[in-house]
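Below: data_33.txt (compact mmCIF, C-alpha atoms)
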# COMPACT_ATOMS: atom_id res chain seq x y z
CA MET A 193 153.76 144.88 129.93
CA ALA A 194 154.59 144.70 126.23
CA LYS A 195 151.39 145.60 124.39
CA ARG A 196 152.12 143.28 121.51
CA LEU A 197 152.28 140.12 123.58
CA ARG A 198 150.26 137.24 122.16
CA VAL A 199 148.56 135.54 125.11
CA LEU A 200 146.53 132.35 125.31
CA VAL A 201 144.04 132.31 128.20
CA THR A 202 142.55 128.86 128.76
CA GLY A 203 139.25 128.78 130.61
CA SER A 204 138.29 132.18 129.19
CA ALA A 205 134.57 131.49 129.64
CA GLY A 206 135.26 130.81 133.31
CA PHE A 207 135.17 133.30 136.15
CA ILE A 208 138.82 134.36 136.40
CA GLY A 209 139.57 133.70 132.73
CA HIS A 210 136.78 136.00 131.58
CA HIS A 211 138.01 138.94 133.63
CA LEU A 212 141.64 138.31 132.68
CA ALA A 213 140.94 138.08 128.94
CA LEU A 214 139.20 141.46 128.99
CA ALA A 215 141.93 143.07 131.10
CA LEU A 216 144.72 141.86 128.80
CA GLN A 217 142.81 142.98 125.72
CA GLU A 218 142.35 146.44 127.24
CA LEU A 219 146.10 146.60 127.89
CA GLY A 220 146.77 146.08 124.19
CA CYS A 221 147.70 142.40 124.15
CA THR A 222 146.49 140.07 121.42
CA VAL A 223 144.43 137.53 123.35
CA VAL A 224 143.05 134.17 122.32
CA GLY A 225 140.56 132.70 124.75
CA LEU A 226 139.91 128.97 124.90
CA ASP A 227 137.20 127.04 126.74
CA ALA A 228 135.40 123.70 126.53
CA ILE A 229 132.23 125.21 128.12
CA LEU A 230 131.60 122.23 130.38
CA SER A 231 128.28 121.91 132.22
CA TYR A 232 129.64 121.69 135.78
CA TYR A 233 127.47 124.75 136.37
CA ASP A 234 124.95 126.55 134.16
CA PRO A 235 126.60 127.11 130.75
CA MET A 236 124.38 130.16 130.22
CA LEU A 237 126.57 132.04 132.69
CA LYS A 238 129.61 131.15 130.56
CA TYR A 239 127.83 132.28 127.40
CA GLY A 240 126.98 135.53 129.18
CA ARG A 241 130.64 136.14 129.97
CA LEU A 242 131.58 135.42 126.37
CA ALA A 243 128.89 137.79 125.13
CA LEU A 244 130.65 140.56 127.07
CA GLN A 245 133.83 139.61 125.24
CA GLY A 246 132.02 140.08 121.92
CA PHE A 247 131.09 136.52 121.00
CA GLU A 248 127.57 135.41 120.14
CA ARG A 249 126.44 131.97 121.20
CA HIS A 250 126.02 130.67 117.65
CA ASP A 251 129.69 131.55 116.97
CA ILE A 252 130.90 129.51 119.93
CA ARG A 253 129.52 126.18 118.76
CA TYR A 254 132.25 125.69 116.20
CA ASN A 255 135.62 124.20 117.02
CA GLN A 256 137.53 126.78 115.03
CA LEU A 257 139.40 129.97 115.79
CA LEU A 258 137.33 133.07 115.19
CA GLY A 259 138.96 136.17 113.81
CA SER A 260 139.45 139.10 116.16
CA ASN A 261 137.01 141.21 114.15
CA LEU A 262 134.33 140.68 116.80
CA LYS A 263 136.37 142.55 119.40
CA GLU A 264 139.72 143.97 118.42
CA GLY A 265 142.58 142.00 119.91
CA LEU A 266 140.38 139.25 121.38
CA SER A 267 139.47 135.92 119.76
CA PHE A 268 137.87 132.74 121.04
CA ILE A 269 138.10 129.03 120.28
CA HIS A 270 135.76 126.35 121.60
CA LEU A 271 138.26 123.62 122.43
CA ASP A 272 138.86 120.98 125.08
CA LEU A 273 142.44 120.71 126.33
CA THR A 274 142.22 116.94 126.04
CA ASP A 275 142.15 117.34 122.24
CA GLU A 276 145.93 117.14 121.92
CA LEU A 277 146.13 117.48 118.13
CA ALA A 278 143.81 120.51 117.94
CA LEU A 279 145.62 122.19 120.82
CA ASN A 280 149.01 121.68 119.22
CA ARG A 281 147.67 123.06 115.93
CA LEU A 282 146.38 126.14 117.73
CA PHE A 283 149.83 126.75 119.27
CA GLU A 284 151.48 126.28 115.88
CA GLU A 285 149.15 128.72 114.13
CA GLN A 286 149.07 131.45 116.79
CA ARG A 287 152.69 131.56 118.03
CA PHE A 288 151.86 132.62 121.57
CA ASP A 289 154.36 134.43 123.76
CA VAL A 290 152.61 133.68 127.05
CA VAL A 291 150.07 131.10 128.20
CA VAL A 292 147.83 131.54 131.26
CA ASN A 293 146.23 128.20 132.03
CA LEU A 294 143.04 128.67 134.05
CA ALA A 295 141.00 125.84 132.53
CA ALA A 296 140.22 123.08 135.02
CA GLN A 297 137.49 121.03 136.60
CA ALA A 298 136.80 123.02 139.76
CA GLY A 299 135.11 122.14 143.04
CA VAL A 300 136.26 120.28 146.14
CA ARG A 301 132.93 118.63 146.85
CA TYR A 302 132.25 117.56 143.27
CA SER A 303 135.58 115.74 143.24
CA MET A 304 134.34 113.41 145.98
CA ASP A 305 131.93 111.71 143.57
CA HIS A 306 133.40 112.52 140.14
CA PRO A 307 137.17 111.97 140.38
CA GLN A 308 137.53 110.91 136.75
CA SER A 309 136.47 114.38 135.59
CA TYR A 310 139.49 115.78 137.43
CA VAL A 311 141.85 113.23 135.93
CA THR A 312 140.67 114.15 132.44
CA SER A 313 140.57 117.93 132.76
CA ASN A 314 143.21 118.70 135.38
CA LEU A 315 145.82 116.05 134.62
CA VAL A 316 145.48 115.02 130.98
CA GLY A 317 144.48 118.51 129.84
CA PHE A 318 147.32 120.17 131.74
CA ALA A 319 149.85 117.65 130.43
CA ASN A 320 148.80 118.62 126.90
CA VAL A 321 149.30 122.31 127.73
CA LEU A 322 152.79 121.59 129.06
CA GLU A 323 153.75 119.65 125.98
CA SER A 324 152.44 122.34 123.62
CA CYS A 325 154.43 124.93 125.58
CA ARG A 326 157.55 122.80 125.17
CA GLN A 327 157.11 122.20 121.46
CA HIS A 328 156.37 125.83 120.65
CA HIS A 329 158.91 127.59 122.89
CA ILE A 330 156.51 129.54 125.09
CA LYS A 331 158.28 132.34 126.96
CA HIS A 332 156.21 132.04 130.17
CA LEU A 333 153.48 129.70 131.41
CA LEU A 334 151.35 130.83 134.35
CA PHE A 335 148.93 128.23 135.71
CA ALA A 336 146.16 128.07 138.29
CA SER A 337 146.73 126.15 141.47
CA SER A 338 144.71 126.45 144.66
CA SER A 339 144.94 127.18 148.37
CA SER A 340 143.46 123.70 148.83
CA VAL A 341 146.94 122.21 148.30
CA TYR A 342 147.80 123.26 151.88
CA GLY A 343 145.53 120.46 153.06
CA LEU A 344 146.16 119.46 156.67
CA ASN A 345 148.62 122.28 157.43
CA GLN A 346 147.63 123.81 160.78
CA GLU A 347 150.10 126.69 160.88
CA THR A 348 148.88 129.99 159.44
CA PRO A 349 149.35 132.06 157.43
CA PHE A 350 150.03 129.58 154.64
CA LYS A 351 153.46 130.13 153.11
CA THR A 352 154.58 128.74 149.76
CA SER A 353 157.58 127.21 151.54
CA MET A 354 155.31 124.87 153.51
CA LYS A 355 154.97 121.19 152.68
CA THR A 356 151.88 120.45 150.61
CA ASP A 357 151.94 116.67 150.44
CA GLN A 358 148.77 116.02 152.48
CA PRO A 359 145.81 117.07 150.31
CA ILE A 360 142.41 116.16 151.74
CA SER A 361 140.39 116.29 148.51
CA PHE A 362 141.01 114.81 145.10
CA TYR A 363 140.64 118.28 143.59
CA ALA A 364 143.53 119.46 145.76
CA ALA A 365 145.55 116.39 144.78
CA THR A 366 145.20 117.24 141.08
CA LYS A 367 146.27 120.84 141.72
CA LYS A 368 149.33 119.65 143.61
CA ALA A 369 150.03 117.29 140.71
CA ASN A 370 149.88 120.26 138.33
CA GLU A 371 152.56 122.02 140.36
CA VAL A 372 154.83 118.98 140.29
CA MET A 373 154.26 118.39 136.58
CA ALA A 374 155.07 122.02 135.80
CA HIS A 375 158.25 121.91 137.85
CA SER A 376 159.48 118.88 135.92
CA TYR A 377 158.95 120.67 132.59
CA ALA A 378 160.57 123.84 133.89
CA HIS A 379 163.58 121.82 135.02
CA LEU A 380 163.93 119.62 131.94
CA TYR A 381 163.23 122.23 129.26
CA GLN A 382 164.00 125.53 131.04
CA ILE A 383 160.53 126.94 130.39
CA PRO A 384 159.69 129.70 132.89
CA MET A 385 156.64 128.58 134.87
CA THR A 386 154.65 130.36 137.57
CA GLY A 387 152.01 128.69 139.73
CA LEU A 388 149.17 130.73 141.23
CA ARG A 389 147.60 129.45 144.43
CA PHE A 390 144.24 131.23 144.47
CA PHE A 391 142.41 131.85 147.76
CA THR A 392 138.56 131.88 147.55
CA VAL A 393 138.11 134.23 144.61
CA TYR A 394 134.78 136.10 144.52
CA GLY A 395 133.08 138.91 142.61
CA PRO A 396 130.78 139.73 139.68
CA TRP A 397 130.28 136.93 137.15
CA GLY A 398 131.44 134.44 139.79
CA ARG A 399 130.76 130.72 140.08
CA PRO A 400 127.29 129.68 141.33
CA ASP A 401 128.76 126.78 143.33
CA MET A 402 130.74 129.14 145.57
CA ALA A 403 129.32 129.93 149.03
CA TYR A 404 128.88 133.70 148.61
CA TYR A 405 126.86 133.14 145.40
CA SER A 406 124.67 130.33 146.73
CA PHE A 407 124.12 132.21 150.01
CA THR A 408 122.90 135.28 148.12
CA LYS A 409 120.50 133.17 146.08
CA ALA A 410 119.15 131.39 149.16
CA ILE A 411 118.72 134.55 151.24
CA LEU A 412 116.70 136.18 148.47
CA ALA A 413 114.59 133.06 148.03
CA GLY A 414 114.01 132.70 151.77
CA THR A 415 115.44 129.18 151.82
CA PRO A 416 117.90 127.86 154.43
CA ILE A 417 121.63 128.02 153.78
CA LYS A 418 123.84 125.17 154.90
CA VAL A 419 126.71 126.39 157.06
CA PHE A 420 129.30 123.75 157.87
CA ASN A 421 131.47 123.27 160.98
CA ASN A 422 128.65 125.11 162.78
CA GLY A 423 129.85 128.33 161.18
CA ASN A 424 133.35 128.12 162.65
CA MET A 425 135.08 128.73 159.33
CA HIS A 426 137.47 131.43 158.11
CA ARG A 427 138.26 132.13 154.48
CA ASP A 428 140.74 134.45 152.81
CA PHE A 429 138.23 135.96 150.37
CA THR A 430 140.03 137.55 147.40
CA PHE A 431 138.27 139.96 145.06
CA ILE A 432 138.43 139.19 141.35
CA ASP A 433 139.93 142.55 140.33
CA ASP A 434 142.84 142.00 142.71
CA VAL A 435 143.38 138.51 141.32
CA VAL A 436 143.49 139.81 137.76
CA ARG A 437 145.92 142.61 138.65
CA SER A 438 148.18 140.05 140.33
CA ILE A 439 148.24 137.84 137.24
CA VAL A 440 148.88 140.77 134.89
CA LYS A 441 151.82 141.92 136.98
CA LEU A 442 153.29 138.42 137.26
CA ILE A 443 153.25 137.90 133.49
CA ASP A 444 156.31 140.14 133.34
CA VAL A 445 158.02 138.50 136.33
CA LEU A 446 159.98 135.56 134.93
CA PRO A 447 161.10 133.10 137.60
CA ALA A 448 164.85 132.87 138.09
CA PRO A 449 166.44 129.57 136.96
CA ALA A 450 168.16 128.92 140.29
CA PRO A 451 168.39 126.60 142.11
CA THR A 452 166.92 123.88 139.88
CA ALA A 453 164.42 125.39 137.46
CA PRO A 454 162.82 128.67 136.31
CA TYR A 455 159.82 127.96 138.51
CA LYS A 456 157.97 129.90 141.21
CA ILE A 457 154.76 129.57 143.22
CA TYR A 458 152.81 132.55 144.57
CA ASN A 459 149.86 132.82 146.93
CA ILE A 460 147.13 135.04 145.49
CA GLY A 461 145.09 135.97 148.55
CA ASN A 462 143.80 138.95 150.50
CA SER A 463 145.81 137.91 153.57
CA GLN A 464 142.80 138.89 155.68
CA PRO A 465 140.72 135.84 156.71
CA GLU A 466 137.06 136.57 157.39
CA HIS A 467 134.68 134.55 159.54
CA LEU A 468 132.03 132.82 157.45
CA LEU A 469 129.25 134.27 159.60
CA GLU A 470 130.61 137.77 158.88
CA LEU A 471 130.33 137.00 155.16
CA ILE A 472 126.70 136.06 155.69
CA ALA A 473 126.03 139.15 157.82
CA THR A 474 127.50 141.40 155.12
CA ILE A 475 125.33 139.83 152.43
CA GLU A 476 122.30 140.25 154.72
CA ARG A 477 123.04 143.97 155.11
CA LEU A 478 123.49 144.45 151.38
CA LEU A 479 120.24 142.63 150.58
CA GLY A 480 118.28 144.01 153.51
CA LYS A 481 117.10 140.50 154.31
CA LYS A 482 118.01 137.96 156.99
CA ALA A 483 119.39 134.51 156.26
CA ILE A 484 117.89 131.26 157.53
CA ILE A 485 120.98 129.44 158.76
CA ASP A 486 121.10 125.64 158.90
CA LEU A 487 124.18 124.56 160.87
CA HIS A 488 126.01 121.33 160.01
CA PRO A 489 129.25 119.59 161.09
CA MET A 490 132.42 119.81 159.01
CA GLN A 491 132.29 118.20 155.55
CA PRO A 492 134.87 115.71 154.29
CA GLY A 493 137.53 117.44 152.18
CA ASP A 494 136.99 120.85 153.77
CA VAL A 495 139.33 122.87 156.00
CA GLU A 496 138.55 125.19 158.88
CA ALA A 497 140.62 128.18 157.76
CA THR A 498 142.63 129.59 154.86
CA PHE A 499 145.07 132.46 155.23
CA ALA A 500 147.59 133.53 152.57
CA ASP A 501 151.07 134.85 153.21
CA VAL A 502 151.63 137.15 150.21
CA GLU A 503 155.06 138.58 151.01
CA ASP A 504 156.57 136.92 147.92
CA LEU A 505 153.89 138.46 145.72
CA LYS A 506 154.46 141.91 147.23
CA ALA A 507 158.21 141.66 146.65
CA ALA A 508 158.00 140.34 143.09
CA ALA A 509 155.10 142.37 141.73
CA ASP A 510 154.95 145.39 144.04
CA PHE A 511 151.28 144.56 144.61
CA HIS A 512 149.05 142.57 146.91
CA PRO A 513 145.28 142.02 147.01
CA ASP A 514 143.59 144.33 149.51
CA THR A 515 139.96 144.94 148.53
CA PRO A 516 137.81 144.89 151.72
CA LEU A 517 135.19 142.14 151.80
CA ALA A 518 132.28 144.58 152.20
CA GLU A 519 133.40 146.54 149.13
CA GLY A 520 133.85 143.46 146.96
CA LEU A 521 130.54 141.93 148.07
CA ALA A 522 128.73 145.19 147.29
CA GLN A 523 129.95 144.94 143.71
CA PHE A 524 128.95 141.28 143.54
CA VAL A 525 125.44 141.88 144.92
CA ALA A 526 124.88 144.78 142.50
CA TRP A 527 125.88 142.49 139.62
CA TYR A 528 123.77 139.61 140.95
CA LEU A 529 120.63 141.73 141.12
CA ALA A 530 121.23 143.08 137.62
CA TYR A 531 122.07 139.69 136.10
CA HIS A 532 119.22 137.76 137.71
CA GLY A 533 116.82 140.60 137.01
CA LYS A 534 113.24 140.95 138.18
CA GLN A 535 113.13 137.71 140.18
CA ALA A 536 116.00 138.81 142.44
CA LYS A 537 114.69 142.36 142.81
CA ASN A 538 111.18 141.14 143.63
CA ALA A 539 112.64 138.94 146.35
CA MET A 540 114.38 141.99 147.82
CA ASN A 541 111.23 144.11 147.66
CA ALA A 542 109.20 141.38 149.35
CA SER A 543 111.34 141.80 152.47
CA ASP A 544 110.70 145.57 152.75

Turn the structure described in the file into structure tokens.
Amino acid sequence: MAKRLRVLVTGSAGFIGHHLALALQELGCTVVGLDAILSYYDPMLKYGRLALQGFERHDIRYNQLLGSNLKEGLSFIHLDLTDELALNRLFEEQRFDVVVNLAAQAGVRYSMDHPQSYVTSNLVGFANVLESCRQHHIKHLLFASSSSVYGLNQETPFKTSMKTDQPISFYAATKKANEVMAHSYAHLYQIPMTGLRFFTVYGPWGRPDMAYYSFTKAILAGTPIKVFNNGNMHRDFTFIDDVVRSIVKLIDVLPAPAPTAPYKIYNIGNSQPEHLLELIATIERLLGKKAIIDLHPMQPGDVEATFADVEDLKAAADFHPDTPLAEGLAQFVAWYLAYHGKQAKNAMNASD
């Protein structure tokens, strides 16, 4: 990777964006992070991530670009992608080479009751990113999609060549829309675009709404955890460090223009589905405390299994995610206990 690349990372206060911004900065890139710091989950976690990047909370309140004096090569702007004029001004001032769009309204279940949030963030916001990339001649746009686009597909592993026109959640529908929108811009304006279908990303500084995080919290507190489809679920859990390495490698892999557009989709997954009850058992071992399991039927919008075919990623980037679940969860639990401090450690000690 060229060390002097100027990279915009949207969603840099988010889980993946935080880790990516730091990794790119350490590689010598000039990175600008952008985030709206929405309250879908506790904003204090987002402020904690930004503090690791060198930004104090009082600096983040202002909708202006901060100089990179706080951490060499890394800046931050508090900005919502729906602010079209401010976003375009940022692109004009910074002259980015590459954009990695990770900002989005996340969550399958939340989309059941709050679809308008997904229209605003995932459709309007992404359309503004595409248009800014067009106007300012971005060399490569990489954008977050999701394994949820595979919807009702029964055949596994999921391959990027499969049809993805049967989403079963509105969140998945907006991610599929992002892929289609990006393809149209790649075709019309010959902007290289790469979509990243993430498979259940986990690890330190993760999202509290994800199962592994909420399970850890509940086990420590001695409260029941809801397990859907009576536990008959498999997920392709993908460790955050592997996800970041995949993105970094793909920044340099420009999609070929043939047959219709410089456009490519990759699965970013461990290609090793794990049973949900094995996830719980591993967390139990790491905490030294048993879970209280409350079994429920399948939820609307959910799928029984995810499983990524990553052969395209291996061929293009000479890399594929492979961190074992037990190893990744050990790092997460160590972070969780440190981040949540005495309360979490007291809960562990109470079980001894």

I want to know what sits within 12 Å of A:Ala483, based on all atoms listed in the file, with residues of the same chain fewer than 6 positions away left out; could you give that as a ChimeraX atom specification? /A:406-419,469-477,543

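Closest approach to A:Leu478 from the set A:Leu237, A:Ile383, A:Ala518, A:Leu505 is made by A:Ala518, with distances taken over all atoms listed in the file.
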
Write out as a list of chain:residue names each polymer residue whose atoms come within 9 Å of A:Asn345, counting all atoms listed in the file; drop sequence neighbours fewer than 2 positions from it. A:Tyr342, A:Gly343, A:Glu347, A:Thr348, A:Phe350, A:Met354, A:Lys355, A:Thr356, A:Gln358

Nearest to A:Lys238, chosen from A:Leu380, A:Gly398, A:Asn293, A:Arg301, with all atoms listed in the file counted in the distances: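 Smallest distance to A:Lys238 is found for A:Gly398.
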
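Residue nearest A:Leu216 within the list A:Ala508, A:Ile269, A:Ile439, A:Ile330: A:Ile439 [criterion: smallest interatomic distance, all atoms listed in the file].
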
Just want the 10 Å neighbourhood of A:Tyr528, counted on only C-alpha atoms, with same-chain residues fewer than 6 positions away dropped. Output as a CSV table (one decimal) with C-alpha atoms, keeping the file's coordinate frame.
chain,number,residue,atom,x,y,z
A,395,GLY,CA,133.1,138.9,142.6
A,396,PRO,CA,130.8,139.7,139.7
A,397,TRP,CA,130.3,136.9,137.2
A,398,GLY,CA,131.4,134.4,139.8
A,405,TYR,CA,126.9,133.1,145.4
A,408,THR,CA,122.9,135.3,148.1
A,409,LYS,CA,120.5,133.2,146.1
A,522,ALA,CA,128.7,145.2,147.3
A,536,ALA,CA,116.0,138.8,142.4
A,537,LYS,CA,114.7,142.4,142.8
